[in-house]
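Here is the structure we will look at, set down as structure tokens.
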Amino acid sequence: MGRNESLLARVTEVIQRRDGGAELLLDLRGKPLQVQASIGETKLQAGDWIKVLRAGNELQLMGKLAAAPEVSLAQALVQRLPWQQSLDSGLARLMAGLQQGVKADTPLGQLPSQAVSGAAALPLPQAARQALEQLFARLPASNQLAPGAGQQTAAVQQVQQWLSESGLFAEARLAATPSATLPDLKLAIGRVITALLVQQGHGPEQFNRLTPLASPALIQAPLQFPGAFAMAQASAVSSAREEPPNVGQLLRILAGMLNRITVNQLHTQVLNARGSTDAGAPINTLLLELPWMNPQQQPKLAQLRIEQHPGKDGSGSGPSRASVGEWRLVLAMDLDQAGPLQFEVSLRQQAVSALVWAEKLATLRKVHQQLPLLRSSLTDLGLEVADLECRQGNPGPVATKLQHRLVDTKA
């Protein structure tokens, strides 16, 4: 820190002294620093951001900043973490309701255990059926992209459209085009909810009173992204076809799915807010889940994590050694025959490297056989292939500081 240079520091701890005074433990560019706590009458607490200035050999505290946006984001994130429904298992239950109808004689708001056993199934209300049919019709299908289509402009545009309609950008799309009929997963779920509530004679306030249904795997590891939920998803999909749900269950499933999309939105925003202040953290992160349909018309899920990492500080190395940033992409999905797969790709300028994880040995062998074709395809795109590798197993969760920080906020 140079002379007369001002920086932002985060208060990590307020240390009370025996004489009644206090000292602050600051996080300054990732390094701890203990200073006297004195900014006039301003009260400071852990989590506050303050402006510091070096004047000669002294460090002066200049003022307290307004509450960081990440605090309110973290609070909203924590509130929704326990109530997430996995999108693929939720869509499977919705598909069961669409095909088999819904149980009757179960008033809205009753718990599943209070449902009448053996009650006759009735067709979904027409408005809800139409909304669900439109939702499923717009989901990506595995047969819509042929192998090798990645170099085709139309295929690239199709993938971009799927990503934009995933629900993660719903609010931004509404701000740009104020229309409730936009083809967007989050908005489509809202239209199904509205149709079910109207059929029951209830308003939006009734929906807010429902307890969302949560997926067990998302309760155990709410911030793991991508998550190794293959077995949990498979069991959820199989159990979804055992018996039709009732309207109350459908609404609670939809509430959990909305929470899942919102958690991914908040998780992304909190990581980006932290990345702007934490040394070594990605400066931009995008967490996105894209439901799709397999040939058997069963909902599946692709998890996508994109990170932009800043280049290393090249100070003292001359202008020719300018820092170079890096983009990293993780794509995780569970295919019917190939099983769980995870692709890790990094791009630094024109140099690309890729690592593929496969749980099944047979899939591992097939991927090894396809590596020369992948290398050729990447070269045709004008990229320099640095490394291609395939490993058996699961890479495990991506480690971040977010979960510990959320606990620290006591949100």
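In the structure tokens, each chain is lettered A, B, ... as it comes, each chain's residues begin at 1, and ligands are numbered from 1 in order of appearance.
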
Give me the stretch 247-349 of chain A side of the contact with stretch 119-142 of chain A, cut-off 12 Å, one line per residue showing its nearest atom pair and distance in Å at one decimal, counting only C-alpha atoms, sorted by chain and residue number, as CSV.
residue,atom,partner,partner_atom,distance
A:Val247,CA,A:Leu124,CA,8.6
A:Leu250,CA,A:Leu124,CA,10.7
A:Leu251,CA,A:Ala128,CA,11.3
A:Leu254,CA,A:Leu132,CA,11.4
A:Leu290,CA,A:Pro140,CA,8.4
A:Pro291,CA,A:Leu139,CA,6.7
A:Trp292,CA,A:Pro140,CA,4.7
A:Met293,CA,A:Ala141,CA,4.7
A:Asn294,CA,A:Ser142,CA,5.4
A:Pro295,CA,A:Ser142,CA,6.7
A:Gln296,CA,A:Ser142,CA,10.0
A:Gln297,CA,A:Ala141,CA,8.4
A:Gln298,CA,A:Ala141,CA,9.8
A:Pro299,CA,A:Leu139,CA,8.9
A:Lys300,CA,A:Ala141,CA,9.6
A:Leu301,CA,A:Pro140,CA,10.3
A:Ala302,CA,A:Pro140,CA,10.6
A:Leu335,CA,A:Ser142,CA,9.9
A:Asp336,CA,A:Ser142,CA,10.8

For the residues selected in the previous step, produce a file with C-alpha atoms as an mmCIF file, in the first residue's frame.
data_model
loop_
_atom_site.group_PDB
_atom_site.id
_atom_site.type_symbol
_atom_site.label_atom_id
_atom_site.label_comp_id
_atom_site.auth_asym_id
_atom_site.auth_seq_id
_atom_site.Cartn_x
_atom_site.Cartn_y
_atom_site.Cartn_z
ATOM 1 C CA VAL A 247 -52.788 -30.076 -6.298
ATOM 2 C CA LEU A 250 -47.823 -29.887 -7.097
ATOM 3 C CA LEU A 251 -47.826 -26.356 -5.710
ATOM 4 C CA LEU A 254 -43.347 -25.797 -7.860
ATOM 5 C CA LEU A 290 -30.580 -26.428 -17.786
ATOM 6 C CA PRO A 291 -33.326 -29.111 -17.739
ATOM 7 C CA TRP A 292 -33.640 -31.216 -20.888
ATOM 8 C CA MET A 293 -35.620 -34.218 -22.126
ATOM 9 C CA ASN A 294 -34.092 -37.581 -23.041
ATOM 10 C CA PRO A 295 -35.524 -39.786 -25.866
ATOM 11 C CA GLN A 296 -37.860 -41.461 -23.326
ATOM 12 C CA GLN A 297 -39.314 -38.014 -22.519
ATOM 13 C CA GLN A 298 -37.841 -38.061 -19.021
ATOM 14 C CA PRO A 299 -36.501 -34.801 -17.547
ATOM 15 C CA LYS A 300 -32.740 -34.673 -17.051
ATOM 16 C CA LEU A 301 -30.443 -31.898 -15.837
ATOM 17 C CA ALA A 302 -27.237 -30.254 -17.037
ATOM 18 C CA LEU A 335 -26.607 -39.501 -19.472
ATOM 19 C CA ASP A 336 -28.804 -42.582 -19.831
#

Q) Which one of A:Asn246, A:Thr285, A:Gln100, A:Gln75 sits closest to A:Ala273 if you count only C-alpha atoms? A) A:Thr285

(Q) From the options A:Arg365, A:Arg209, A:Lys31, A:Arg305, which residue's atoms come nearest to A:Leu288, counting only C-alpha atoms? (A)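 Smallest distance to A:Leu288 is found for A:Arg305.
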
(Q) From the options A:Gly47, A:Pro226, A:Gly101, A:Gly201, which residue's atoms come nearest to A:Leu286, counting only C-alpha atoms? (A)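 Counting only C-alpha atoms, the residue closest to A:Leu286 is A:Pro226.
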
Q: Pick out each residue of stretch 117-342 of chain A that DSSP on the backbone tags as strand (DSSP E or B); I need them as a PyMOL selection string.
A: chain A and resi 121-122+141+246+284-293+299-309+326-335+339-342

Taking C-alpha atoms for each residue, export the selection above as an mmCIF file, in the first residue's frame.
data_model
loop_
_atom_site.group_PDB
_atom_site.id
_atom_site.type_symbol
_atom_site.label_atom_id
_atom_site.label_comp_id
_atom_site.auth_asym_id
_atom_site.auth_seq_id
_atom_site.Cartn_x
_atom_site.Cartn_y
_atom_site.Cartn_z
ATOM 1 C CA ALA A 121 -57.245 -39.133 -10.128
ATOM 2 C CA LEU A 122 -58.793 -36.226 -12.017
ATOM 3 C CA ALA A 141 -34.320 -32.385 -26.255
ATOM 4 C CA ASN A 246 -52.512 -33.784 -5.567
ATOM 5 C CA ASN A 284 -17.222 -13.348 -12.508
ATOM 6 C CA THR A 285 -19.156 -16.564 -11.878
ATOM 7 C CA LEU A 286 -22.284 -17.973 -13.503
ATOM 8 C CA LEU A 287 -24.142 -20.974 -12.047
ATOM 9 C CA LEU A 288 -26.810 -22.342 -14.340
ATOM 10 C CA GLU A 289 -29.008 -25.447 -14.490
ATOM 11 C CA LEU A 290 -30.580 -26.428 -17.786
ATOM 12 C CA PRO A 291 -33.326 -29.111 -17.739
ATOM 13 C CA TRP A 292 -33.640 -31.216 -20.888
ATOM 14 C CA MET A 293 -35.620 -34.218 -22.126
ATOM 15 C CA PRO A 299 -36.501 -34.801 -17.547
ATOM 16 C CA LYS A 300 -32.740 -34.673 -17.051
ATOM 17 C CA LEU A 301 -30.443 -31.898 -15.837
ATOM 18 C CA ALA A 302 -27.237 -30.254 -17.037
ATOM 19 C CA GLN A 303 -25.304 -28.099 -14.551
ATOM 20 C CA LEU A 304 -23.039 -25.386 -15.942
ATOM 21 C CA ARG A 305 -20.482 -23.336 -14.018
ATOM 22 C CA ILE A 306 -18.542 -20.569 -15.804
ATOM 23 C CA GLU A 307 -15.798 -18.599 -14.051
ATOM 24 C CA GLN A 308 -13.617 -15.724 -15.179
ATOM 25 C CA HIS A 309 -10.319 -15.641 -13.288
ATOM 26 C CA GLU A 326 -8.547 -17.318 -17.756
ATOM 27 C CA TRP A 327 -12.033 -18.660 -18.378
ATOM 28 C CA ARG A 328 -13.061 -21.953 -16.794
ATOM 29 C CA LEU A 329 -16.124 -24.001 -17.622
ATOM 30 C CA VAL A 330 -17.546 -27.016 -15.796
ATOM 31 C CA LEU A 331 -20.394 -29.009 -17.342
ATOM 32 C CA ALA A 332 -21.921 -31.889 -15.352
ATOM 33 C CA MET A 333 -24.702 -34.194 -16.536
ATOM 34 C CA ASP A 334 -25.962 -37.755 -16.161
ATOM 35 C CA LEU A 335 -26.607 -39.501 -19.472
ATOM 36 C CA GLY A 339 -23.734 -42.357 -16.814
ATOM 37 C CA PRO A 340 -22.436 -39.301 -14.900
ATOM 38 C CA LEU A 341 -19.990 -37.132 -16.869
ATOM 39 C CA GLN A 342 -18.204 -33.923 -15.961
#

Q.
I'd like the interatomic distance between atom CA of A:Val385 and atom CA of A:Ser353, to a tenth of an Å.
A.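 Taking atom CA of A:Val385 and atom CA of A:Ser353, their separation equals 6.0 Å.
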
Q | Nearby residues (only C-alpha atoms) at most 10 Å from stretch 176-186 of chain A, same-chain spacing under 4 positions excluded, as an MDAnalysis selection string | A | chainID A and resid 134:136 138:139 161:172 190:191 254 257:259 261:262 290:291

**Q.** Proximity to A:Pro216 - best of A:Val263, A:Leu28, A:Leu81, A:Val356, only C-alpha atoms
**A.** A:Leu81

Q) In Å to one decimal, how far is atom CA of A:Glu389 from atom CA of A:His368? A)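 Taking atom CA of A:His368 as the start and atom CA of A:Glu389 as the end point, the length is 8.2 Å.
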
Q) Pick the closest to A:Gln265 from A:Val198, A:Leu361, A:Leu77, A:Ala386: which is it, counting only C-alpha atoms? A)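 So, comparing all the options, the nearest one is A:Leu77.
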
Q. Hey, can you check how far atom CA of A:Pro310 sits from atom CA of A:Leu266?
A. 22.0 Å

Q.
Please list as a VMD selection string every residue within 10 Å of A:Pro395, counting only C-alpha atoms and excluding residues in the same chain fewer than 4 positions away.
A. chain A and resid 228 342 344 356 to 358 391

**Q.** Test item, helix (DSSP H, G or I) assignment across stretch 132-344 of chain A, answer as a PyMOL selection string
**A.** chain A and resi 132-137+142-144+149-151+153-164+170-176+185-200+204-209+216-220+230-239+247-275+319-321
